[in-house]
Each structure stands twice: as C-alpha cells, then as structure tokens.
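Peer 1: Take a look at coords.txt, compact mmCIF, C-alpha atoms and all ligand atoms:
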# COMPACT_ATOMS: atom_id res chain seq x y z
CA MET A 1 -24.29 4.92 -21.67
CA ILE A 2 -24.42 8.52 -20.48
CA ASN A 3 -22.57 8.62 -17.20
CA ASN A 4 -23.07 12.04 -15.70
CA CYS A 5 -21.54 12.42 -12.27
CA TYR A 6 -20.93 15.54 -10.19
CA LEU A 7 -18.96 16.01 -6.96
CA SER A 8 -19.73 18.70 -4.43
CA GLY A 9 -18.91 20.07 -0.98
CA PHE A 10 -15.30 18.89 -0.55
CA SER A 11 -14.43 18.88 3.12
CA PHE A 12 -11.79 17.44 5.39
CA HIS A 13 -11.16 16.89 9.05
CA VAL A 14 -8.02 16.03 11.00
CA PRO A 15 -7.71 15.23 14.71
CA GLN A 16 -6.44 18.02 16.97
CA GLN A 17 -3.34 16.28 18.23
CA VAL A 18 -0.23 17.00 16.16
CA MET A 19 3.00 15.01 16.21
CA THR A 20 6.07 16.78 14.86
CA ASN A 21 9.31 15.27 13.62
CA LYS A 22 10.94 16.51 16.83
CA ASP A 23 8.37 14.47 18.81
CA PHE A 24 9.52 11.37 16.89
CA GLU A 25 13.14 12.09 17.80
CA LYS A 26 12.15 11.25 21.40
CA LEU A 27 10.48 7.97 20.37
CA VAL A 28 12.73 6.32 17.78
CA ASP A 29 16.22 6.61 16.33
CA THR A 30 15.47 9.34 13.81
CA THR A 31 16.01 13.05 13.19
CA ASP A 32 13.91 15.93 11.93
CA GLU A 33 16.57 16.35 9.24
CA TRP A 34 16.18 12.72 7.99
CA ILE A 35 12.38 12.83 7.94
CA THR A 36 12.25 16.25 6.24
CA SER A 37 14.86 15.47 3.59
CA ARG A 38 13.64 11.91 2.80
CA THR A 39 9.87 12.54 2.94
CA GLY A 40 9.08 16.29 3.10
CA ILE A 41 6.86 15.62 6.12
CA HIS A 42 7.05 18.06 9.06
CA ARG A 43 4.01 17.06 11.13
CA ARG A 44 1.01 14.75 11.07
CA HIS A 45 -2.28 14.65 13.00
CA ILE A 46 -2.90 11.71 15.31
CA ALA A 47 -6.29 10.48 16.52
CA ALA A 48 -6.41 10.35 20.31
CA ASN A 49 -9.62 8.47 21.03
CA GLN A 50 -11.41 8.95 17.72
CA SER A 51 -12.28 6.02 15.47
CA CYS A 52 -12.51 5.93 11.69
CA SER A 53 -16.26 6.71 11.77
CA ASP A 54 -15.71 9.60 14.23
CA LEU A 55 -13.32 11.29 11.80
CA ALA A 56 -15.59 10.40 8.86
CA LEU A 57 -18.56 12.01 10.59
CA GLN A 58 -16.88 15.42 10.84
CA ALA A 59 -15.85 15.59 7.17
CA SER A 60 -19.22 14.15 6.08
CA LEU A 61 -21.31 16.69 8.02
CA GLN A 62 -19.35 19.53 6.48
CA ALA A 63 -19.57 18.07 2.96
CA LEU A 64 -23.35 17.71 3.34
CA GLU A 65 -23.69 21.25 4.66
CA ARG A 66 -21.53 22.69 1.87
CA SER A 67 -23.67 20.83 -0.67
CA GLY A 68 -26.95 21.95 0.89
CA ILE A 69 -27.96 18.32 1.43
CA ASN A 70 -29.77 16.92 4.46
CA PRO A 71 -28.41 13.51 5.55
CA ARG A 72 -31.96 12.16 5.10
CA ASP A 73 -31.71 12.98 1.36
CA LEU A 74 -28.83 10.51 0.92
CA THR A 75 -29.42 7.34 -1.11
CA HIS A 76 -26.03 5.63 -0.55
CA ILE A 77 -23.09 5.88 1.86
CA LEU A 78 -19.63 4.76 0.71
CA LEU A 79 -16.72 4.86 3.14
CA THR A 80 -13.22 4.08 1.90
CA THR A 81 -10.71 2.95 4.50
CA PHE A 82 -8.29 0.22 5.49
CA THR A 83 -8.67 1.12 9.18
CA PRO A 84 -12.41 0.67 9.87
CA ASP A 85 -13.80 0.81 13.42
CA ALA A 86 -14.30 -2.98 13.26
CA TYR A 87 -14.58 -5.84 10.78
CA VAL A 88 -18.31 -6.02 11.54
CA PRO A 89 -20.29 -3.79 11.51
CA ASN A 90 -18.69 -1.94 8.65
CA ALA A 91 -17.65 1.67 9.29
CA ALA A 92 -20.21 3.01 6.78
CA CYS A 93 -23.03 1.52 8.89
CA ILE A 94 -21.55 3.06 12.04
CA LEU A 95 -21.27 6.38 10.21
CA MET A 96 -24.89 6.19 9.01
CA GLU A 97 -26.06 5.71 12.60
CA LYS A 98 -24.02 8.75 13.69
CA LEU A 99 -25.61 10.72 10.84
CA GLY A 100 -29.08 9.60 11.93
CA VAL A 101 -29.79 7.86 8.62
CA ARG A 102 -31.46 4.47 8.16
CA GLY A 103 -32.66 2.23 5.35
CA ILE A 104 -30.14 3.03 2.59
CA PRO A 105 -27.12 0.99 1.47
CA ALA A 106 -23.90 1.68 3.37
CA MET A 107 -20.63 -0.07 2.58
CA ASP A 108 -16.90 0.13 3.10
CA VAL A 109 -14.47 0.12 0.17
CA ASN A 110 -10.86 -0.91 0.71
CA ALA A 111 -8.37 0.01 -1.99
CA ALA A 112 -5.77 1.34 0.50
CA CYS A 113 -4.46 4.77 -0.53
CA THR A 114 -6.41 4.65 -3.83
CA GLY A 115 -9.71 4.20 -1.96
CA PHE A 116 -11.20 7.59 -2.73
CA ILE A 117 -10.50 7.26 -6.46
CA TYR A 118 -12.07 3.78 -6.48
CA GLY A 119 -15.00 5.26 -4.53
CA ILE A 120 -15.58 7.91 -7.20
CA GLU A 121 -15.81 5.22 -9.89
CA LEU A 122 -18.24 3.18 -7.78
CA ALA A 123 -20.35 6.29 -7.20
CA ARG A 124 -20.27 6.98 -10.95
CA ALA A 125 -21.60 3.48 -11.59
CA ILE A 126 -24.35 3.96 -9.00
CA CYS A 127 -25.29 7.28 -10.65
CA ALA A 128 -25.56 5.50 -14.03
CA LEU A 129 -27.86 2.85 -12.55
CA HIS A 130 -29.88 5.22 -10.37
CA PRO A 131 -29.93 8.76 -11.80
CA ASP A 132 -31.67 10.11 -8.68
CA SER A 133 -28.82 9.02 -6.39
CA MET A 134 -27.37 11.31 -3.72
CA ILE A 135 -24.21 9.55 -2.55
CA LEU A 136 -21.99 10.40 0.39
CA LEU A 137 -18.40 9.40 -0.36
CA THR A 138 -16.10 9.58 2.65
CA ALA A 139 -12.51 8.45 3.09
CA SER A 140 -11.38 8.13 6.67
CA GLU A 141 -8.27 6.60 8.19
CA VAL A 142 -6.86 6.12 11.64
CA VAL A 143 -3.67 4.78 10.08
CA THR A 144 -1.86 5.19 13.40
CA SER A 145 -4.04 2.38 14.82
CA ARG A 146 -2.02 0.07 12.52
CA ILE A 147 1.39 1.66 12.94
CA ASN A 148 4.13 0.23 15.10
CA LEU A 149 5.43 3.39 16.74
CA THR A 150 8.78 1.73 17.40
CA ASP A 151 9.38 1.03 13.69
CA ARG A 152 11.10 4.19 12.44
CA SER A 153 10.79 3.14 8.80
CA THR A 154 6.97 3.46 8.88
CA ALA A 155 6.05 5.39 12.05
CA VAL A 156 7.13 8.79 10.76
CA LEU A 157 5.29 8.52 7.44
CA PHE A 158 1.60 8.33 8.30
CA GLY A 159 -1.14 10.50 9.80
CA ASP A 160 -4.87 10.31 10.50
CA GLY A 161 -7.73 12.23 8.89
CA SER A 162 -10.81 12.17 6.72
CA GLY A 163 -12.24 13.80 3.62
CA ALA A 164 -15.68 13.71 2.05
CA CYS A 165 -17.88 14.92 -0.78
CA VAL A 166 -21.41 14.38 -2.06
CA ILE A 167 -21.93 12.79 -5.49
CA ALA A 168 -24.96 12.95 -7.78
CA ALA A 169 -25.87 12.36 -11.43
CA LYS A 170 -27.26 15.88 -11.71
CA PRO A 171 -25.40 19.18 -11.25
CA PHE A 172 -25.47 20.85 -7.84
CA SER A 173 -26.92 24.27 -8.55
CA ASN A 174 -25.33 27.29 -6.88
CA ILE A 175 -22.67 25.22 -5.10
CA PRO A 176 -19.25 26.72 -5.93
CA SER A 177 -17.27 23.62 -4.89
CA SER A 178 -18.97 21.49 -7.50
CA CYS A 179 -17.34 19.75 -10.44
CA TYR A 180 -18.10 17.28 -13.23
CA VAL A 181 -16.29 13.93 -13.36
CA THR A 182 -14.87 13.77 -16.89
CA ASP A 183 -13.18 10.38 -16.61
CA VAL A 184 -11.83 7.77 -14.20
CA LEU A 185 -9.17 5.07 -14.77
CA LEU A 186 -8.46 2.33 -12.23
CA GLU A 187 -5.80 -0.39 -12.20
CA ALA A 188 -4.37 -2.93 -9.75
CA ASP A 189 -1.67 -5.62 -9.56
CA GLY A 190 -2.05 -8.26 -6.86
CA SER A 191 1.31 -9.86 -7.64
CA LEU A 192 3.00 -6.96 -5.82
CA GLY A 193 0.78 -7.06 -2.73
CA SER A 194 3.49 -8.38 -0.40
CA LEU A 195 5.46 -5.12 -0.70
CA LEU A 196 2.94 -3.24 1.46
CA THR A 197 0.90 -5.19 4.00
CA VAL A 198 -1.09 -5.30 7.21
CA ASN A 199 -1.55 -9.07 7.46
CA GLY A 200 -2.37 -9.72 11.10
CA GLY A 201 -5.96 -10.57 11.97
CA GLY A 202 -6.92 -11.40 8.38
CA SER A 203 -8.32 -14.87 7.65
CA ALA A 204 -5.01 -15.99 6.16
CA HIS A 205 -3.31 -14.99 9.45
CA ALA A 206 -6.15 -15.69 11.85
CA MET A 207 -5.93 -14.73 15.50
CA LYS A 208 -6.06 -17.33 18.24
CA LEU A 209 -7.48 -16.53 21.65
CA GLY A 210 -4.76 -15.15 23.90
CA GLN A 211 -2.29 -14.72 21.02
CA LYS A 212 0.07 -11.75 21.31
CA VAL A 213 -0.05 -9.02 18.70
CA ASP A 214 3.15 -9.10 16.63
CA HIS A 215 4.62 -6.95 13.84
CA ASN A 216 2.21 -8.52 11.32
CA PHE A 217 -0.59 -6.43 12.79
CA PHE A 218 1.06 -3.21 11.66
CA VAL A 219 1.90 -1.60 8.33
CA GLN A 220 4.97 -3.23 6.81
CA MET A 221 6.48 -1.80 3.69
CA GLU A 222 9.42 -2.29 1.36
CA GLY A 223 9.75 1.49 1.12
CA ARG A 224 12.23 1.75 -1.72
CA GLU A 225 10.33 -0.72 -3.96
CA VAL A 226 6.97 0.92 -3.20
CA PHE A 227 8.50 4.28 -4.05
CA LYS A 228 9.55 3.09 -7.53
CA HIS A 229 6.19 1.49 -8.29
CA ALA A 230 4.30 4.54 -7.00
CA VAL A 231 6.13 6.89 -9.37
CA ARG A 232 5.89 4.51 -12.34
CA SER A 233 2.20 3.61 -11.87
CA MET A 234 0.99 7.15 -11.22
CA ARG A 235 2.96 8.43 -14.21
CA GLU A 236 1.60 5.73 -16.54
CA ILE A 237 -2.03 6.07 -15.50
CA SER A 238 -1.81 9.87 -15.75
CA ARG A 239 -0.50 9.53 -19.29
CA LYS A 240 -3.24 7.04 -20.17
CA ILE A 241 -6.11 9.18 -18.92
CA LEU A 242 -4.71 12.26 -20.68
CA HIS A 243 -4.29 10.34 -23.95
CA LYS A 244 -7.78 8.81 -23.69
CA ASN A 245 -9.26 12.30 -23.37
CA ASN A 246 -7.08 13.93 -26.07
CA LEU A 247 -5.38 16.11 -23.47
CA THR A 248 -1.78 16.97 -22.59
CA ILE A 249 -0.42 17.79 -19.16
CA ASP A 250 -0.54 21.48 -20.15
CA ASP A 251 -4.35 21.25 -20.17
CA ILE A 252 -4.36 20.39 -16.45
CA ASP A 253 -4.81 23.46 -14.24
CA LEU A 254 -4.09 21.61 -10.99
CA PHE A 255 -2.49 18.20 -10.47
CA ILE A 256 -3.32 16.64 -7.08
CA PRO A 257 -1.25 13.49 -6.42
CA HIS A 258 -1.42 11.11 -3.46
CA GLN A 259 0.48 12.73 -0.61
CA ALA A 260 2.89 10.01 0.58
CA ASN A 261 6.32 11.51 0.10
CA MET A 262 7.52 14.85 -1.32
CA ARG A 263 10.24 13.03 -3.28
CA ILE A 264 7.64 10.80 -4.99
CA ILE A 265 5.67 13.90 -5.99
CA GLU A 266 8.82 15.68 -7.20
CA SER A 267 9.97 12.68 -9.21
CA LEU A 268 6.51 12.27 -10.76
CA SER A 269 6.20 15.95 -11.65
CA LYS A 270 9.71 16.02 -13.14
CA LYS A 271 9.04 12.96 -15.30
CA MET A 272 5.68 14.37 -16.41
CA GLN A 273 7.09 17.89 -16.86
CA ILE A 274 4.44 19.50 -14.68
CA HIS A 275 5.08 23.11 -13.74
CA PRO A 276 5.50 23.38 -9.92
CA ASP A 277 2.73 26.04 -9.81
CA ASN A 278 0.28 23.43 -11.12
CA ILE A 279 0.86 20.83 -8.40
CA PHE A 280 -0.84 20.80 -5.02
CA ILE A 281 1.25 19.53 -2.09
CA ASN A 282 0.31 19.35 1.59
CA VAL A 283 2.20 16.23 2.68
CA GLN A 284 4.33 18.46 4.93
CA ASP A 285 1.32 19.09 7.21
CA TYR A 286 -0.55 15.77 7.21
CA GLY A 287 1.84 12.97 6.21
CA ASN A 288 0.37 10.01 4.36
CA THR A 289 -3.31 9.67 5.37
CA SER A 290 -3.89 6.76 2.96
CA ALA A 291 -7.40 6.86 1.40
CA ALA A 292 -8.04 10.27 3.00
CA SER A 293 -4.99 11.80 1.32
CA ILE A 294 -6.69 12.75 -1.98
CA PRO A 295 -9.92 14.19 -0.52
CA ILE A 296 -7.93 16.08 2.15
CA ALA A 297 -5.70 17.55 -0.56
CA LEU A 298 -8.68 18.37 -2.81
CA ALA A 299 -10.59 20.13 -0.03
CA ASP A 300 -7.43 21.88 1.19
CA ALA A 301 -6.68 23.10 -2.36
CA TRP A 302 -10.24 24.35 -2.68
CA GLU A 303 -10.14 26.15 0.68
CA LYS A 304 -6.78 27.75 -0.19
CA GLY A 305 -8.26 29.16 -3.41
CA ARG A 306 -6.06 27.00 -5.65
CA ILE A 307 -9.05 25.90 -7.77
CA SER A 308 -11.19 28.30 -9.85
CA LYS A 309 -14.31 27.84 -11.91
CA GLY A 310 -13.41 26.34 -15.30
CA ASP A 311 -10.32 24.52 -13.98
CA LEU A 312 -9.53 20.98 -15.08
CA VAL A 313 -8.10 19.06 -12.12
CA MET A 314 -6.39 15.66 -12.15
CA LEU A 315 -6.34 13.41 -9.06
CA VAL A 316 -3.94 10.47 -9.05
CA ALA A 317 -3.26 7.94 -6.29
CA PHE A 318 -1.30 4.78 -5.55
CA GLY A 319 -1.51 2.35 -2.66
CA GLY A 320 -1.33 -1.15 -1.22
CA GLY A 321 -2.63 -3.99 -3.31
CA PHE A 322 -1.10 -2.50 -5.42
CA THR A 323 -3.95 -0.29 -6.55
CA TRP A 324 -3.74 2.97 -8.46
CA GLY A 325 -6.02 5.27 -10.36
CA ALA A 326 -6.63 8.70 -11.85
CA VAL A 327 -9.63 11.01 -12.12
CA LEU A 328 -10.26 14.11 -14.26
CA VAL A 329 -12.71 16.65 -12.84
CA GLN A 330 -13.92 19.83 -14.51
CA PHE A 331 -14.93 22.74 -12.25
O1 LIG B 401 0.90 5.30 0.45
C1 LIG B 401 1.35 4.12 -0.16
C2 LIG B 401 2.56 4.40 -0.82
N1 LIG B 401 3.66 4.56 0.11
C3 LIG B 401 4.71 5.18 -0.34
O2 LIG B 401 4.63 5.66 -1.43
C4 LIG B 401 5.99 5.21 0.45
C5 LIG B 401 7.12 4.92 -0.50
N2 LIG B 401 8.45 4.90 0.08
C6 LIG B 401 9.05 5.99 0.62
O3 LIG B 401 8.45 7.05 0.73
C7 LIG B 401 10.50 5.90 1.01
O4 LIG B 401 11.03 4.73 0.49
C8 LIG B 401 10.74 5.93 2.53
C9 LIG B 401 10.48 7.32 3.08
C10 LIG B 401 9.83 4.92 3.23
C11 LIG B 401 12.18 5.59 2.86
O5 LIG B 401 13.08 6.45 2.17
P1 LIG B 401 14.33 5.86 1.39
O6 LIG B 401 15.09 7.00 0.90
O7 LIG B 401 13.78 4.88 0.39
O8 LIG B 401 15.13 5.18 2.53
P2 LIG B 401 15.51 3.63 2.70
O9 LIG B 401 14.32 2.83 3.05
O10 LIG B 401 16.31 3.19 1.54
O11 LIG B 401 16.45 3.72 3.97
C12 LIG B 401 17.68 4.45 3.92
C13 LIG B 401 18.28 4.41 5.32
C14 LIG B 401 18.29 3.02 5.94
O12 LIG B 401 19.50 2.89 6.67
P3 LIG B 401 20.75 2.10 6.04
O13 LIG B 401 20.26 0.71 5.79
O14 LIG B 401 21.11 2.83 4.80
O15 LIG B 401 21.77 2.19 7.14
C15 LIG B 401 17.14 3.03 6.90
O16 LIG B 401 17.32 2.16 7.99
O17 LIG B 401 17.48 5.22 6.20
C16 LIG B 401 17.16 4.47 7.37
N3 LIG B 401 15.89 4.95 7.88
C17 LIG B 401 15.81 5.97 8.76
N4 LIG B 401 16.74 6.75 9.32
C18 LIG B 401 16.31 7.70 10.15
C19 LIG B 401 14.63 4.51 7.60
N5 LIG B 401 13.73 5.22 8.28
C20 LIG B 401 14.43 6.12 9.01
C21 LIG B 401 14.06 7.16 9.89
N6 LIG B 401 15.03 7.92 10.43
N7 LIG B 401 12.77 7.41 10.20
Mind turning the file's structure into structure tokens?

Peer 2:
Amino acid sequence: MINNCYLSGFSFHVPQQVMTNKDFEKLVDTTDEWITSRTGIHRRHIAANQSCSDLALQASLQALERSGINPRDLTHILLTTFTPDAYVPNAACILMEKLGVRGIPAMDVNAACTGFIYGIELARAICALHPDSMILLTASEVVTSRINLTDRSTAVLFGDGSGACVIAAKPFSNIPSSCYVTDVLLEADGSLGSLLTVNGGGSAHAMKLGQKVDHNFFVQMEGREVFKHAVRSMREISRKILHKNNLTIDDIDLFIPHQANMRIIESLSKKMQIHPDNIFINVQDYGNTSAASIPIALADAWEKGRISKGDLVMLVAFGGGFTWGAVLVQF
C-alpha cells in the first residue's frame, strides 16, 4: 500500500509562567547544582490556569496558520496527552469546540511521552484509508497537574506545553516547514509499566466519594530504572529504523530525541556515535513535557534554523507504558 504522509506547520506553545531551579530550592530539599548536573534542566514553564486544551489550542492555531489551513478544512483531530482536561469529554472534543469545528472525528491518544510519535503513525494510517484527509495532530500536557510538588525526585523534572502540526496524504505546496514521513516504528512493553505510573483515579484504583488524594494521583517513577530503559529502547529502535531504511546514523542531518534528561541524551548520542552538532537539545528550557516534548523540540529546531530543505530528521521518544518509537522525516 502506498502510504504517503506529509507534516506541515510545526508550532509550539508554552505557558508564560517560568519556574527556575532556584525557585525549587525554596520548595523542596534540592539545589540548582543537583538539578543542573543530574538532568541538564534550568527552567520549565508551568500552566497557571490553563488546561490541556487551552495549551493545545495555541499550538494548533499556529500550526494551521503556518500550513495555510482553515480549521473548517480539517477532517480529523488527534490530541496526544496523559493529562487531558477531563476523562469525558476527551480533550480533542474540547479543542474542536475551541477551534469552532464540528462534525469530524476527534480523539485523544495516550502513549505518555511517545504520544506524538504514536499520533504520527495513526495519522499515517488515516491518510492511507482516506487520501483526502487533513489531520490536526496536537500534543499537549499540563504535566504539573499530576506532579506532587513536594516530591523532589519528580517535581523538578517536568514542565507544561504543547506542540502541533497538520498532516495530509498530499504535499503542502509552498509551505517551507513541510516534510515527508519516510518511516515510523513503534514498540511497547507493558511488563515494565509499574516503573512509571499515575495510578490514582483509574478504574483499577477507583475513587470513592470524599476520599483524600494521595501520592498515587501523581507521577511516580523509578528514575534510575527508567533512565536505563530509555537509553536502551531509544538506541535499539533508532538502529532498527536506520537498518530498515538502509541508512546509517551519518545519513541523519538532525537527531531529535525525547527531552527528559540531558544525561539520557548524552548517553544515547555517545552509544550511537552521533556528532553533537547533529543533535537538538532544549531540555534546559522546558524540562520534560511528556508527549509535547518531541513536537516542541521539532518546532523549536525549525524556528532556530536548525533544519534546512533536504534534511533527513529522526525523532525518537520513550515514555510510560513503556512505549517508545522513532520516525524518519525528509524535508
Ligand atoms: O519521560 C519519561 C522518561 N523519564 C525519564 O527518562 C527520567 C529518567 N530518570 C532520570 O532522569 C534520572 O534517574 C533522575 C533525574 C530522575 C534521577 O537521577 P539519578 O542520577 O538517577 O538519581 P537517583 O534517583 O539515583 O538519586 C540519587 C540521589 C538520591 O539520594 P541518595 O539515596 O543517594 O541519598 C536521591 O534521593 O539524589 C537524590 N535526589 C535529589 N537530590 C536533590 C533525587 N532527586 C533530587 C533532587 N535534589 N531534586
């Protein structure tokens, strides 16, 4: 089956409020030195009163504008998140209402930090089924709504934000930020799910009326174990997608990994022998924004002029589940 799929109009949005490492020194037993040396993170943006769909709206409007697409031309809305506005209605339906769109499918996709990569593959499948599709793919997270600010082992790691693009089976003419999806690989391993969880409120941990919120309602992570799996899984899937496409790492003009921890990125790039000039890193400014991490990095790289026409770019992510995946895009 011919599976043509093009992405266009990469955009991102982060809330105005910034929290620095110094700010965290006043909240928990930590230091700027520890956070910087163990994670590479200096600051992260925190949603004040904005929900997942509020952040999604900003990135989506810009992605549509950059692609020259009217919201009414959309055929599908996909929103990847693990921090939706509510369980019901889904955040994609809330977003569609904010965009003034009705009558098309709108659904949330949860693959934690790998959400955007999973979303690209879903969009590719929709394009194969419906060649006239015009899909909005947005990743949006208010991770801080599920962070226990008194838990120093997780509080300092995450930030809020959103990223979006428009996806179609046909090329976007005259849109510079447009690229062809060469290949996508997705994997997951549910046996490792307990290493990174937000259990509270799920049907296996159902709420009872009047029950107090406890630590189960917030991100809990076996950091060191997750670190090892993140490096191993992203390295393996990168190798697989390169091999499948008869490529080597030297063919990749820009490598954009999930932005969770500078040390994960450094370890991955060392093992894969990627030249530092060919890696995009912005974890220092945004922290780990989960599903929004990849589209924020992609749009940021584009805006900073790190991607040129003809470039082959690899996106690779890893997250809770565990889920992980890689995408090759040709500009
Ligand atoms: O997006 C999904 C994927 N997520 C990730 O990829 C995150 C993966 N994990 C990591 O990035 C790292 O494991 C962390 C940044 C979470 C932790 O770094 P680490 O080097 O693995 O530290 P650790 O968990 O082994 O903790 C070392 C020490 C501990 O103290 P003791 O037991 O040695 O006395 C922690 O209690 O650092 C302590 N610690 C802190 N100290 C100051 C943990 N958090 C903090 C903190 N400030 N914020």

Peer 1: Quick one: residues within 7 Å of Arg43 (chain A), only C-alpha atoms, excluding same-chain residues fewer than 4 positions away - as a list of chain:residue names?

Peer 2: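 Final neighbour list, sorted by chain and number: A:Val18, A:Met19, A:Thr20, A:Asn21, A:Gln284, A:Asp285, A:Tyr286, A:Gly287.
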
Peer 1: Pull C-alpha atoms from the residues just selected and write them as a PDB file, keeping the file's coordinate frame.

Peer 2:
ATOM      1  CA  VAL A  18      -0.230  17.000  16.160  1.00  0.00           C
ATOM      2  CA  MET A  19       3.000  15.010  16.210  1.00  0.00           C
ATOM      3  CA  THR A  20       6.070  16.780  14.860  1.00  0.00           C
ATOM      4  CA  ASN A  21       9.310  15.270  13.620  1.00  0.00           C
ATOM      5  CA  GLN A 284       4.330  18.460   4.930  1.00  0.00           C
ATOM      6  CA  ASP A 285       1.320  19.090   7.210  1.00  0.00           C
ATOM      7  CA  TYR A 286      -0.550  15.770   7.210  1.00  0.00           C
ATOM      8  CA  GLY A 287       1.840  12.970   6.210  1.00  0.00           C
TER       9      GLY A 287
END

Peer 1: Which value, in Å to one decimal, gives the distance between CA of Leu268 (chain A) and CA of Ser140 (chain A)?

Peer 2: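 Computing the Euclidean distance for CA of Leu268 (chain A) and CA of Ser140 (chain A) yields 25.3 Å.
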
Peer 1: Which distance in Å separates CA of Cys113 (chain A) and CA of Lys208 (chain A), to one decimal?

Peer 2: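 Separating CA of Cys113 (chain A) from CA of Lys208 (chain A) is a distance of 29.0 Å.
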
Peer 1: Go through A:Thr30, A:Ser293, A:Thr323, A:Thr81 and flag the residue nearest ligand LIG 401 (chain B), using only C-alpha atoms and all ligand atoms for the distances.

Peer 2: A:Thr30

Peer 1: What's the separation between CA of Val316 (chain A) and CA of Ala123 (chain A), in Å to one decimal place?

Peer 2: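 The value is 17.0 Å.
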
Peer 1: Near region 153-170 of chain A, within 7 Å and counting only C-alpha atoms, which residues show up once chain neighbours fewer than 4 positions away are dropped, as number ranges by chain?

Peer 2: A: 4-15, 44-47, 55-56, 59-60, 63-64, 67, 123, 127, 131-144, 147-149, 286-289, 292, 295-296

Peer 1: Provide region 223-231 of chain A rebuilt to all heavy atoms, formatted as a PDB file, keeping the file's coordinate frame.

Peer 2:
ATOM      1  N   GLY A 223       9.876   0.079   1.522  1.00  0.00           N
ATOM      2  CA  GLY A 223       9.750   1.490   1.120  1.00  0.00           C
ATOM      3  C   GLY A 223      10.326   1.811  -0.245  1.00  0.00           C
ATOM      4  O   GLY A 223       9.667   2.442  -1.072  1.00  0.00           O
ATOM      5  N   ARG A 224      11.569   1.354  -0.470  1.00  0.00           N
ATOM      6  CA  ARG A 224      12.230   1.750  -1.720  1.00  0.00           C
ATOM      7  C   ARG A 224      11.508   1.184  -2.949  1.00  0.00           C
ATOM      8  O   ARG A 224      11.357   1.856  -3.961  1.00  0.00           O
ATOM      9  CB  ARG A 224      13.685   1.244  -1.684  1.00  0.00           C
ATOM     10  CG  ARG A 224      14.650   2.249  -2.276  1.00  0.00           C
ATOM     11  CD  ARG A 224      16.067   1.782  -2.162  1.00  0.00           C
ATOM     12  NE  ARG A 224      16.626   2.050  -0.845  1.00  0.00           N
ATOM     13  CZ  ARG A 224      17.890   1.779  -0.523  1.00  0.00           C
ATOM     14  NH1 ARG A 224      18.699   1.227  -1.395  1.00  0.00           N
ATOM     15  NH2 ARG A 224      18.348   2.059   0.683  1.00  0.00           N
ATOM     16  N   GLU A 225      11.059  -0.089  -2.841  1.00  0.00           N
ATOM     17  CA  GLU A 225      10.330  -0.720  -3.960  1.00  0.00           C
ATOM     18  C   GLU A 225       8.986  -0.025  -4.182  1.00  0.00           C
ATOM     19  O   GLU A 225       8.585   0.243  -5.318  1.00  0.00           O
ATOM     20  CB  GLU A 225      10.087  -2.207  -3.654  1.00  0.00           C
ATOM     21  CG  GLU A 225      11.269  -3.088  -3.926  1.00  0.00           C
ATOM     22  CD  GLU A 225      11.774  -2.952  -5.354  1.00  0.00           C
ATOM     23  OE1 GLU A 225      10.977  -3.142  -6.282  1.00  0.00           O
ATOM     24  OE2 GLU A 225      12.960  -2.620  -5.540  1.00  0.00           O
ATOM     25  N   VAL A 226       8.281   0.254  -3.082  1.00  0.00           N
ATOM     26  CA  VAL A 226       6.970   0.920  -3.200  1.00  0.00           C
ATOM     27  C   VAL A 226       7.147   2.283  -3.855  1.00  0.00           C
ATOM     28  O   VAL A 226       6.362   2.678  -4.713  1.00  0.00           O
ATOM     29  CB  VAL A 226       6.305   1.050  -1.803  1.00  0.00           C
ATOM     30  CG1 VAL A 226       4.997   1.827  -1.916  1.00  0.00           C
ATOM     31  CG2 VAL A 226       6.044  -0.319  -1.194  1.00  0.00           C
ATOM     32  N   PHE A 227       8.199   2.964  -3.477  1.00  0.00           N
ATOM     33  CA  PHE A 227       8.500   4.280  -4.050  1.00  0.00           C
ATOM     34  C   PHE A 227       8.565   4.191  -5.578  1.00  0.00           C
ATOM     35  O   PHE A 227       7.914   4.962  -6.301  1.00  0.00           O
ATOM     36  CB  PHE A 227       9.844   4.752  -3.466  1.00  0.00           C
ATOM     37  CG  PHE A 227      10.231   6.165  -3.777  1.00  0.00           C
ATOM     38  CD1 PHE A 227      10.309   7.118  -2.772  1.00  0.00           C
ATOM     39  CD2 PHE A 227      10.542   6.568  -5.077  1.00  0.00           C
ATOM     40  CE1 PHE A 227      10.671   8.428  -3.040  1.00  0.00           C
ATOM     41  CE2 PHE A 227      10.915   7.874  -5.356  1.00  0.00           C
ATOM     42  CZ  PHE A 227      10.990   8.804  -4.340  1.00  0.00           C
ATOM     43  N   LYS A 228       9.356   3.214  -6.072  1.00  0.00           N
ATOM     44  CA  LYS A 228       9.550   3.090  -7.530  1.00  0.00           C
ATOM     45  C   LYS A 228       8.235   2.795  -8.236  1.00  0.00           C
ATOM     46  O   LYS A 228       7.911   3.396  -9.255  1.00  0.00           O
ATOM     47  CB  LYS A 228      10.554   1.950  -7.836  1.00  0.00           C
ATOM     48  CG  LYS A 228      11.996   2.359  -7.634  1.00  0.00           C
ATOM     49  CD  LYS A 228      12.923   1.297  -8.172  1.00  0.00           C
ATOM     50  CE  LYS A 228      13.340   0.350  -7.070  1.00  0.00           C
ATOM     51  NZ  LYS A 228      14.175  -0.745  -7.393  1.00  0.00           N
ATOM     52  N   HIS A 229       7.470   1.847  -7.664  1.00  0.00           N
ATOM     53  CA  HIS A 229       6.190   1.490  -8.290  1.00  0.00           C
ATOM     54  C   HIS A 229       5.208   2.661  -8.227  1.00  0.00           C
ATOM     55  O   HIS A 229       4.418   2.860  -9.156  1.00  0.00           O
ATOM     56  CB  HIS A 229       5.585   0.262  -7.602  1.00  0.00           C
ATOM     57  CG  HIS A 229       6.278  -1.009  -7.997  1.00  0.00           C
ATOM     58  ND1 HIS A 229       6.087  -1.606  -9.224  1.00  0.00           N
ATOM     59  CD2 HIS A 229       7.162  -1.784  -7.323  1.00  0.00           C
ATOM     60  CE1 HIS A 229       6.830  -2.697  -9.294  1.00  0.00           C
ATOM     61  NE2 HIS A 229       7.485  -2.832  -8.163  1.00  0.00           N
ATOM     62  N   ALA A 230       5.233   3.410  -7.134  1.00  0.00           N
ATOM     63  CA  ALA A 230       4.300   4.540  -7.000  1.00  0.00           C
ATOM     64  C   ALA A 230       4.551   5.548  -8.116  1.00  0.00           C
ATOM     65  O   ALA A 230       3.614   5.985  -8.792  1.00  0.00           O
ATOM     66  CB  ALA A 230       4.473   5.195  -5.624  1.00  0.00           C
ATOM     67  N   VAL A 231       5.806   5.891  -8.330  1.00  0.00           N
ATOM     68  CA  VAL A 231       6.130   6.890  -9.370  1.00  0.00           C
ATOM     69  C   VAL A 231       5.727   6.344 -10.745  1.00  0.00           C
ATOM     70  O   VAL A 231       5.038   7.008 -11.520  1.00  0.00           O
ATOM     71  CB  VAL A 231       7.637   7.245  -9.348  1.00  0.00           C
ATOM     72  CG1 VAL A 231       7.985   8.159 -10.522  1.00  0.00           C
ATOM     73  CG2 VAL A 231       8.013   7.899  -8.021  1.00  0.00           C
TER      74      VAL A 231
END
